[in-house]
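Source file final.cif; content: mmCIF, C-alpha atoms.
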```cif
data_structure
loop_
_atom_site.label_atom_id
_atom_site.label_comp_id
_atom_site.auth_asym_id
_atom_site.auth_seq_id
_atom_site.Cartn_x
_atom_site.Cartn_y
_atom_site.Cartn_z
CA MET A 212 7.33 18.54 40.67
CA LYS A 213 7.96 16.09 43.50
CA LYS A 214 10.79 13.59 43.80
CA GLN A 215 8.31 10.72 44.02
CA GLN A 216 6.86 11.69 40.64
CA VAL A 217 10.30 11.22 39.10
CA LEU A 218 10.78 7.88 40.86
CA ASN A 219 7.38 6.70 39.65
CA CYS A 220 8.54 7.25 36.06
CA SER A 221 11.67 5.15 36.53
CA PHE A 222 11.29 2.25 34.09
CA SER A 223 11.22 -0.59 36.63
CA SER A 224 8.53 1.24 38.64
CA TRP A 225 5.96 0.87 35.86
CA TYR A 226 7.15 -1.87 33.49
CA GLN A 227 5.53 -4.87 35.21
CA LEU A 228 2.26 -2.99 35.57
CA PHE A 229 2.05 -2.20 31.84
CA LYS A 230 4.11 -5.05 30.43
CA GLN A 231 1.31 -6.29 28.18
CA ILE A 232 1.00 -3.01 26.27
CA THR A 233 4.65 -2.05 25.85
CA ILE A 234 7.79 -3.39 24.16
CA GLU A 235 9.52 -6.45 25.62
CA SER A 236 12.48 -5.35 27.75
CA LYS A 237 15.17 -6.60 30.12
CA ILE A 238 16.27 -4.77 33.27
CA ILE A 239 19.89 -5.09 34.47
CA SER A 240 21.05 -3.58 37.77
CA LEU A 241 24.20 -1.50 37.37
CA PRO A 242 27.01 -1.81 39.93
CA LYS A 243 28.44 1.33 41.51
CA GLU A 244 31.75 0.69 39.74
CA PHE A 245 30.05 1.04 36.38
CA ILE A 246 28.31 4.28 37.42
CA ASP A 247 31.70 5.63 38.52
CA TYR A 248 33.08 4.62 35.12
CA LEU A 249 30.28 6.52 33.35
CA ASN A 250 31.18 9.63 35.34
CA GLU A 251 34.88 9.48 34.45
CA ASP A 252 36.32 11.73 31.73
CA GLY A 253 37.30 10.21 28.43
CA ILE A 254 36.07 7.12 26.62
CA VAL A 255 37.91 3.83 27.09
CA LEU A 256 35.66 0.88 26.33
CA PRO A 257 35.80 -2.23 28.53
CA GLU A 258 37.78 -5.28 27.48
CA GLY A 259 36.24 -8.61 26.63
CA ASP A 260 33.86 -7.55 23.85
CA HIS A 261 34.47 -9.63 20.74
CA SER A 262 33.16 -6.79 18.58
CA ARG A 263 36.46 -4.98 19.10
CA ASN A 264 39.14 -5.87 16.60
CA ASP A 265 42.93 -5.66 16.64
CA GLU A 266 43.01 -2.79 14.17
CA ALA A 267 40.77 -0.66 16.40
CA ASP A 268 42.92 -1.51 19.41
CA ASP A 269 46.10 -0.50 17.55
CA GLU A 270 44.63 2.94 16.84
CA GLN A 271 44.24 3.79 20.52
CA ASP A 272 46.20 6.93 21.36
CA GLU A 273 49.02 6.96 23.93
CA ASN A 274 46.83 8.33 26.71
CA ASP A 275 44.31 5.53 26.30
CA GLU A 276 47.07 2.94 26.25
CA GLN A 277 48.44 4.23 29.53
CA ARG A 278 45.03 4.14 31.21
CA GLN A 279 43.79 0.95 32.77
CA VAL A 280 41.17 -0.67 30.55
CA PRO A 281 37.97 -1.15 32.57
CA SER A 282 36.40 -4.55 32.92
CA PHE A 283 32.83 -5.48 33.87
CA PRO A 284 32.59 -9.19 33.00
CA ASP A 285 29.39 -9.91 34.94
CA LEU A 286 27.60 -6.90 33.48
CA GLN A 287 28.82 -7.67 29.96
CA GLN A 288 27.63 -11.28 30.28
CA SER A 289 24.22 -10.07 31.47
CA ILE A 290 24.04 -7.79 28.44
CA HIS A 291 25.03 -10.66 26.12
CA ASN A 292 22.27 -12.81 27.62
CA ALA A 293 19.69 -10.05 27.24
CA LEU A 294 20.73 -9.41 23.64
CA HIS A 295 20.29 -13.09 22.83
CA SER A 296 16.89 -13.17 24.56
CA LEU A 297 15.68 -10.06 22.72
CA GLY A 298 16.66 -11.18 19.23
CA GLY A 299 20.14 -9.68 18.93
CA ALA A 300 19.26 -5.98 18.58
CA VAL A 301 18.17 -3.61 21.35
CA PHE A 302 17.44 0.01 22.22
CA PRO A 303 19.27 1.02 25.46
CA LYS A 304 18.30 3.48 28.18
CA LEU A 305 18.80 4.03 31.90
CA ASN A 306 16.08 4.50 34.51
CA TRP A 307 14.71 7.58 32.76
CA SER A 308 16.72 8.68 29.76
CA CYS A 309 17.97 7.13 26.55
CA PRO A 310 21.26 8.30 25.00
CA LYS A 311 19.54 9.92 22.03
CA ASP A 312 21.93 12.87 22.17
CA ALA A 313 24.86 10.49 21.52
CA SER A 314 23.51 8.73 18.41
CA TRP A 315 26.00 10.72 16.30
CA ILE A 316 28.87 8.69 17.73
CA ALA A 317 27.39 5.32 16.79
CA CYS A 318 27.89 3.57 13.48
CA GLY A 319 24.94 4.49 11.28
CA ASN A 320 23.82 7.30 13.60
CA THR A 321 21.41 4.93 15.32
CA LEU A 322 20.56 3.70 18.81
CA LYS A 323 20.25 0.14 17.50
CA CYS A 324 22.82 -1.90 19.44
CA HIS A 325 24.13 -5.42 18.78
CA THR A 326 26.99 -5.74 21.31
CA PRO A 327 27.73 -4.68 24.89
CA ASN A 328 30.25 -2.09 23.72
CA ASP A 329 27.71 -0.60 21.29
CA ILE A 330 25.59 0.07 24.35
CA ILE A 331 28.40 1.24 26.62
CA LEU A 332 29.74 3.67 24.00
CA LEU A 333 26.35 5.38 23.77
CA LEU A 334 25.91 5.55 27.54
CA LYS A 335 29.43 6.91 28.05
CA SER A 336 28.92 9.62 25.40
CA SER A 337 25.51 10.87 26.51
CA ASP A 338 24.83 14.03 28.52
CA PHE A 339 21.29 12.76 29.11
CA VAL A 340 22.65 9.64 30.81
CA THR A 341 25.11 11.75 32.82
CA HIS A 342 22.16 13.78 34.10
CA ASP A 343 20.39 10.57 35.14
CA VAL A 344 23.31 9.33 37.22
CA THR A 345 24.40 12.64 38.75
CA CYS A 346 21.32 14.81 39.37
CA PRO A 347 18.05 13.00 38.55
CA PHE A 348 16.06 15.12 41.01
CA ASP A 349 17.52 18.56 40.33
CA SER A 350 14.15 19.89 39.12
CA CYS A 351 12.27 18.64 42.19
CA GLU A 352 11.14 21.02 44.89
CA ASP A 353 11.78 18.39 47.59
CA ASP A 354 15.16 17.13 46.33
CA GLU A 355 16.99 15.72 49.33
CA THR A 356 18.10 12.40 47.87
CA ALA A 357 21.68 11.95 46.68
CA SER A 358 22.05 10.21 43.33
CA ASP A 359 24.11 7.43 44.91
CA GLU A 360 20.99 6.35 46.85
CA VAL A 361 19.23 5.43 43.60
CA GLN A 362 19.52 1.92 42.18
CA PHE A 363 20.50 2.63 38.61
CA GLU A 364 19.47 0.15 35.96
CA LEU A 365 20.26 -0.54 32.34
CA ILE A 366 17.11 -1.09 30.31
CA LEU A 367 17.43 -3.05 27.07
CA ARG A 368 14.34 -2.89 24.88
CA LYS A 369 13.77 -5.23 21.95
CA TRP A 370 14.52 -3.28 18.77
CA VAL A 371 11.40 -2.30 16.86
CA ASP A 372 11.30 -0.22 13.70
CA ILE A 373 8.92 2.65 14.44
CA SER A 374 7.54 5.19 12.01
CA GLN A 375 8.35 8.61 13.47
CA ALA A 376 5.11 9.96 12.03
CA MET A 377 3.18 7.57 14.27
CA GLU A 378 4.82 8.56 17.58
CA PHE A 379 2.99 10.86 20.00
CA ARG A 380 3.53 12.40 23.43
CA VAL A 381 0.52 12.63 25.74
CA PHE A 382 0.19 15.10 28.64
CA VAL A 383 -2.05 14.04 31.52
CA LYS A 384 -3.26 16.24 34.36
CA HIS A 385 -5.56 15.01 37.14
CA ASP A 386 -5.56 11.68 35.28
CA SER A 387 -7.18 13.25 32.19
CA ILE A 388 -5.53 14.06 28.87
CA ILE A 389 -4.96 17.77 28.29
CA GLY A 390 -2.68 17.60 25.25
CA ILE A 391 -1.28 15.31 22.56
CA SER A 392 1.80 16.30 20.56
CA GLN A 393 3.52 14.92 17.51
CA ARG A 394 6.62 13.27 19.00
CA ASP A 395 9.03 14.64 16.36
CA PRO A 396 8.39 18.37 15.91
CA THR A 397 11.37 18.70 13.55
CA THR A 398 9.54 17.03 10.65
CA TYR A 399 6.41 17.78 8.67
CA PHE A 400 4.35 14.64 8.02
CA PRO A 401 1.58 15.31 5.45
CA VAL A 402 -0.16 12.07 6.43
CA LEU A 403 -1.03 13.54 9.85
CA GLN A 404 -2.97 16.52 8.51
CA SER A 405 -6.24 14.63 8.15
CA MET A 406 -5.74 12.39 11.20
CA LYS A 407 -6.12 14.75 14.18
CA GLU A 408 -9.54 13.44 15.24
CA HIS A 409 -8.44 9.86 14.68
CA ILE A 410 -5.23 10.40 16.70
CA GLY A 411 -7.11 12.01 19.58
CA GLY A 412 -9.77 9.31 19.64
CA ARG A 413 -7.38 6.36 19.57
CA ILE A 414 -5.10 7.76 22.26
CA CYS A 415 -7.95 8.78 24.56
CA ASN A 416 -9.52 5.33 24.26
CA PHE A 417 -6.15 3.69 24.91
CA HIS A 418 -5.54 5.87 27.96
CA ARG A 419 -8.97 5.26 29.44
CA LYS A 420 -8.76 1.49 28.90
CA TYR A 421 -5.20 0.75 29.98
CA ILE A 422 -3.63 3.62 31.95
CA GLN A 423 -6.20 5.88 33.61
CA GLY A 424 -6.42 5.09 37.33
CA LYS A 425 -3.59 2.56 37.10
CA PHE A 426 -0.44 4.71 37.00
CA HIS A 427 1.10 5.83 40.30
CA ASP A 428 0.34 9.54 39.77
CA GLU A 429 -2.47 11.70 38.44
CA ASP A 430 -0.09 14.07 36.61
CA TYR A 431 2.29 12.45 34.12
CA VAL A 432 3.41 12.27 30.50
CA PHE A 433 3.50 9.15 28.36
CA ASP A 434 4.69 8.31 24.85
CA VAL A 435 2.96 5.94 22.44
CA TYR A 436 3.14 4.85 18.83
CA PHE A 437 0.58 3.43 16.43
CA LYS A 438 1.90 0.00 15.44
CA ASN A 439 -0.92 -0.53 12.96
CA GLU A 440 -4.54 0.43 12.44
CA LYS A 441 -5.64 -1.45 15.55
CA LYS A 442 -2.76 -1.46 18.02
CA VAL A 443 -1.35 1.36 20.15
CA VAL A 444 1.92 0.62 21.99
CA LEU A 445 3.13 2.34 25.17
CA LEU A 446 6.74 3.50 24.95
CA ASP A 447 7.57 5.38 28.13
CA PHE A 448 6.42 7.52 31.06
CA ASN A 449 7.91 10.91 31.96
CA PRO A 450 7.35 13.33 34.86
CA PHE A 451 4.78 16.09 34.37
CA GLY A 452 7.09 19.11 34.47
CA GLU A 453 9.63 21.16 32.57
CA VAL A 454 12.26 18.43 32.83
CA THR A 455 10.19 16.71 30.12
CA ASP A 456 10.17 18.23 26.63
CA GLY A 457 6.80 19.87 25.95
CA LEU A 458 7.36 19.53 22.17
CA MET A 459 4.45 21.39 20.49
CA PHE A 460 3.26 22.75 23.86
CA GLU A 461 4.68 25.32 26.27
CA TRP A 462 4.80 24.21 29.89
CA SER A 463 3.23 27.49 30.99
CA GLU A 464 0.03 26.52 29.18
CA LEU A 465 0.15 22.88 30.24
CA CYS A 466 0.50 23.75 33.92
CA GLY A 467 -2.24 26.37 33.75
CA GLU A 468 -4.65 24.54 31.51
CA GLU A 469 -7.64 22.65 32.91
CA SER A 470 -8.27 19.18 31.58
CA GLN A 471 -10.36 19.22 28.42
CA LEU A 472 -11.75 15.70 28.99
CA GLU A 473 -13.56 14.82 32.19
CA ASP A 474 -13.35 11.31 33.58
CA GLY A 475 -15.87 9.11 31.87
CA ASP A 476 -16.42 11.42 28.89
CA ALA A 477 -16.86 9.71 25.57
CA ALA A 478 -13.82 9.78 23.31
CA GLU A 479 -15.03 8.38 20.02
CA ASP A 480 -12.91 8.73 16.91
CA ASP A 481 -15.39 11.17 15.38
CA THR A 482 -15.77 13.48 18.39
CA PRO A 483 -15.08 16.99 16.98
CA ASP A 484 -13.43 18.56 20.04
CA LEU A 485 -10.69 15.93 20.11
CA THR A 486 -8.86 17.94 17.46
CA ASP A 487 -8.28 20.65 20.08
CA LEU A 488 -6.14 18.21 22.06
CA VAL A 489 -3.82 17.30 19.20
CA ARG A 490 -0.94 19.45 17.93
CA ILE A 491 1.08 18.55 14.86
CA VAL A 492 3.46 20.35 12.53
CA GLU A 493 0.99 21.98 10.13
CA SER A 494 3.40 22.78 7.28
CA GLY A 495 6.97 22.42 6.12
CA THR A 496 7.71 25.97 7.27
CA SER A 497 6.65 25.40 10.88
CA VAL A 498 9.06 22.62 11.84
CA GLN A 499 11.24 23.12 14.90
CA PRO A 500 15.06 22.78 14.88
CA SER A 501 16.37 19.50 16.23
CA PRO A 502 17.43 19.85 19.88
CA TYR A 503 20.09 17.17 19.33
CA ASN A 504 22.13 18.98 16.69
CA SER A 505 23.94 20.99 19.35
CA TYR A 506 25.46 17.79 20.78
CA ARG A 507 27.34 17.13 17.53
CA VAL A 508 29.67 20.16 17.73
CA PRO A 509 32.00 21.51 20.46
CA THR A 510 30.26 23.50 23.19
CA ASP A 511 32.58 26.45 22.56
CA VAL A 512 31.19 26.76 19.04
CA ILE A 513 27.62 26.70 20.36
CA ASP A 514 28.40 29.30 23.02
CA ILE A 515 29.90 31.64 20.42
CA ALA A 516 27.16 31.10 17.85
CA THR A 517 24.32 31.65 20.33
CA GLY A 518 25.98 34.30 22.51
CA MET A 519 25.37 32.16 25.61
CA ASP A 520 28.90 32.90 26.86
CA SER A 521 29.66 36.58 26.24
CA ASN A 522 33.31 36.20 27.30
CA LYS A 523 33.93 33.57 24.62
CA LEU A 524 32.24 35.77 22.04
CA ILE A 525 34.41 38.76 23.05
CA ASP A 526 37.57 36.63 22.91
CA PHE A 527 36.57 35.34 19.48
CA LEU A 528 35.93 38.87 18.14
CA GLN A 529 39.21 40.14 19.57
CA LEU A 530 41.06 37.23 17.96
CA GLU A 531 39.38 37.97 14.63
CA ALA A 532 40.33 41.66 14.92
CA ARG A 533 43.96 40.80 15.67
CA GLN A 534 44.10 38.38 12.77
CA GLN A 535 42.56 40.94 10.43
CA GLN A 536 45.01 43.61 11.64
CA GLY A 537 47.88 41.22 11.12
CA ASN A 538 46.70 40.42 7.61
CA GLU A 539 46.44 44.12 6.78
CA GLU A 540 49.95 44.79 8.12
CA THR A 541 51.35 41.87 6.11
CA GLU A 542 49.59 43.07 2.99
CA GLY A 543 50.97 46.60 3.53
CA SER A 544 54.52 45.27 3.92
CA ASN A 545 54.22 43.28 0.72
CA ASN A 546 53.00 46.36 -1.15
CA GLU A 547 55.99 48.39 0.12
CA GLU A 548 58.40 45.71 -1.04
CA ASN A 549 56.82 45.55 -4.50
CA ARG A 550 57.18 49.30 -5.14
#
```
Let me see whether you can do it: turn the structure in this file into structure tokens.
Amino acid sequence: MKKQQVLNCSFSSWYQLFKQITIESKIISLPKEFIDYLNEDGIVLPEGDHSRNDEADDEQDENDEQRQVPSFPDLQQSIHNALHSLGGAVFPKLNWSCPKDASWIACGNTLKCHTPNDIILLLKSSDFVTHDVTCPFDSCEDDETASDEVQFELILRKWVDISQAMEFRVFVKHDSIIGISQRDPTTYFPVLQSMKEHIGGRICNFHRKYIQGKFHDEDYVFDVYFKNEKKVVLLDFNPFGEVTDGLMFEWSELCGEESQLEDGDAAEDDTPDLTDLVRIVESGTSVQPSPYNSYRVPTDVIDIATGMDSNKLIDFLQLEARQQQGNEETEGSNNEENR
């Protein structure tokens, strides 16, 4: 994967080109001071947001009280203006990633934001966002660009209620579709079982009409959702490579697989071989675990549970052995005293 492929998938690189087929959005340039704030440890929200109340302020711990409260009045005003323009509720993201891994920290476990500090809290808590602002090109073979050379942007997208069953990820190689995946592989949707041909046909027609030959690359990934029986909406573009979640596909097969649709081939809804492009969760027993669950517990717990850090696992077992030995010795002493 090349650095330019990642840059081409940055939101502002494609939004104007495909504005008519995607969700209304506002782009706000982020100052370096705010990027530095995102990279700092701890979470202290900026002042000046009316959503904060006195009771919440009183509950700040001593460390937070001693730290200087950050302030970004121009940025916060720009966010207020965008919120008003977009109807009062938005979905936030940076150039590439949204803070989906941090939804657990938000009220209601949602990415639906109504105030600047709703947005900032999600950004500050997200490892995905941290990756964007620190090492956006770490998977590129020609990575020579420092992250501070990138103009980082806050993207606010008008909030739209989307049925997860109707979201799909599309893999494109040599400007032809080679795979379509259910966007949420953690859930079994019975309604999709009889729709594979329909899904393949609608997405292939949409791609050929609106995207093929128009995007900046020939290899890329894009997400869509079916708004209704007639309309398909573009959600996002992602680089064609392992930095993007393959969902129901393995990247080894995507990178080695030849395109199954040649340019100009018919893609009618009733074309039988379209079902070969589409992968969905076929039953309730074949769902995948959510990749976001691990962000809701301390990393030490994950390391121990998965064995990723053998030293932590050894320390944990030794601690358990010492505690068990101590309990046995205590129990033995109590028995001696009771004789």
| request: For the structure provided, state which residues fall under the PyMOL selection byres ((chain A and resi 213) around 9), and present them as a VMD selection string. | output: chain A and resid 212 214 to 217 348 350 to 354
| said: I need the residue nearest Phe379 (chain A) from this list: A:Phe433, A:Tyr421, A:Phe400, A:Phe339. Use all atoms listed in the file for the distance. | reply: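 With all atoms listed in the file as the atom set, the closest residue is A:Phe433.
The residue that comes closest to Asp247 (chain A), out of A:Val344, A:Gly424, A:Leu446, A:Phe417 and on the basis of all atoms listed in the file, is A:Val344.
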| message | Please enumerate the residues selected by the PyMOL selection byres ((chain A and resi 219) around 9) when evaluated against the supplied file, formatted as a PyMOL selection string. | response | chain A and resi 214-218+220-225+426-428+448-450
| If you measure from CA of Lys407 (chain A) to CA of Gln231 (chain A), what distance in Å do you get, rounded to one decimal? |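 Taking CA of Lys407 (chain A) and CA of Gln231 (chain A), their separation equals 26.3 Å.
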| query | Which is closest to Ile391 (chain A) among A:Leu488, A:Ile422, A:Ile290, A:Ile331, if we use only C-alpha atoms? | reply | A:Leu488
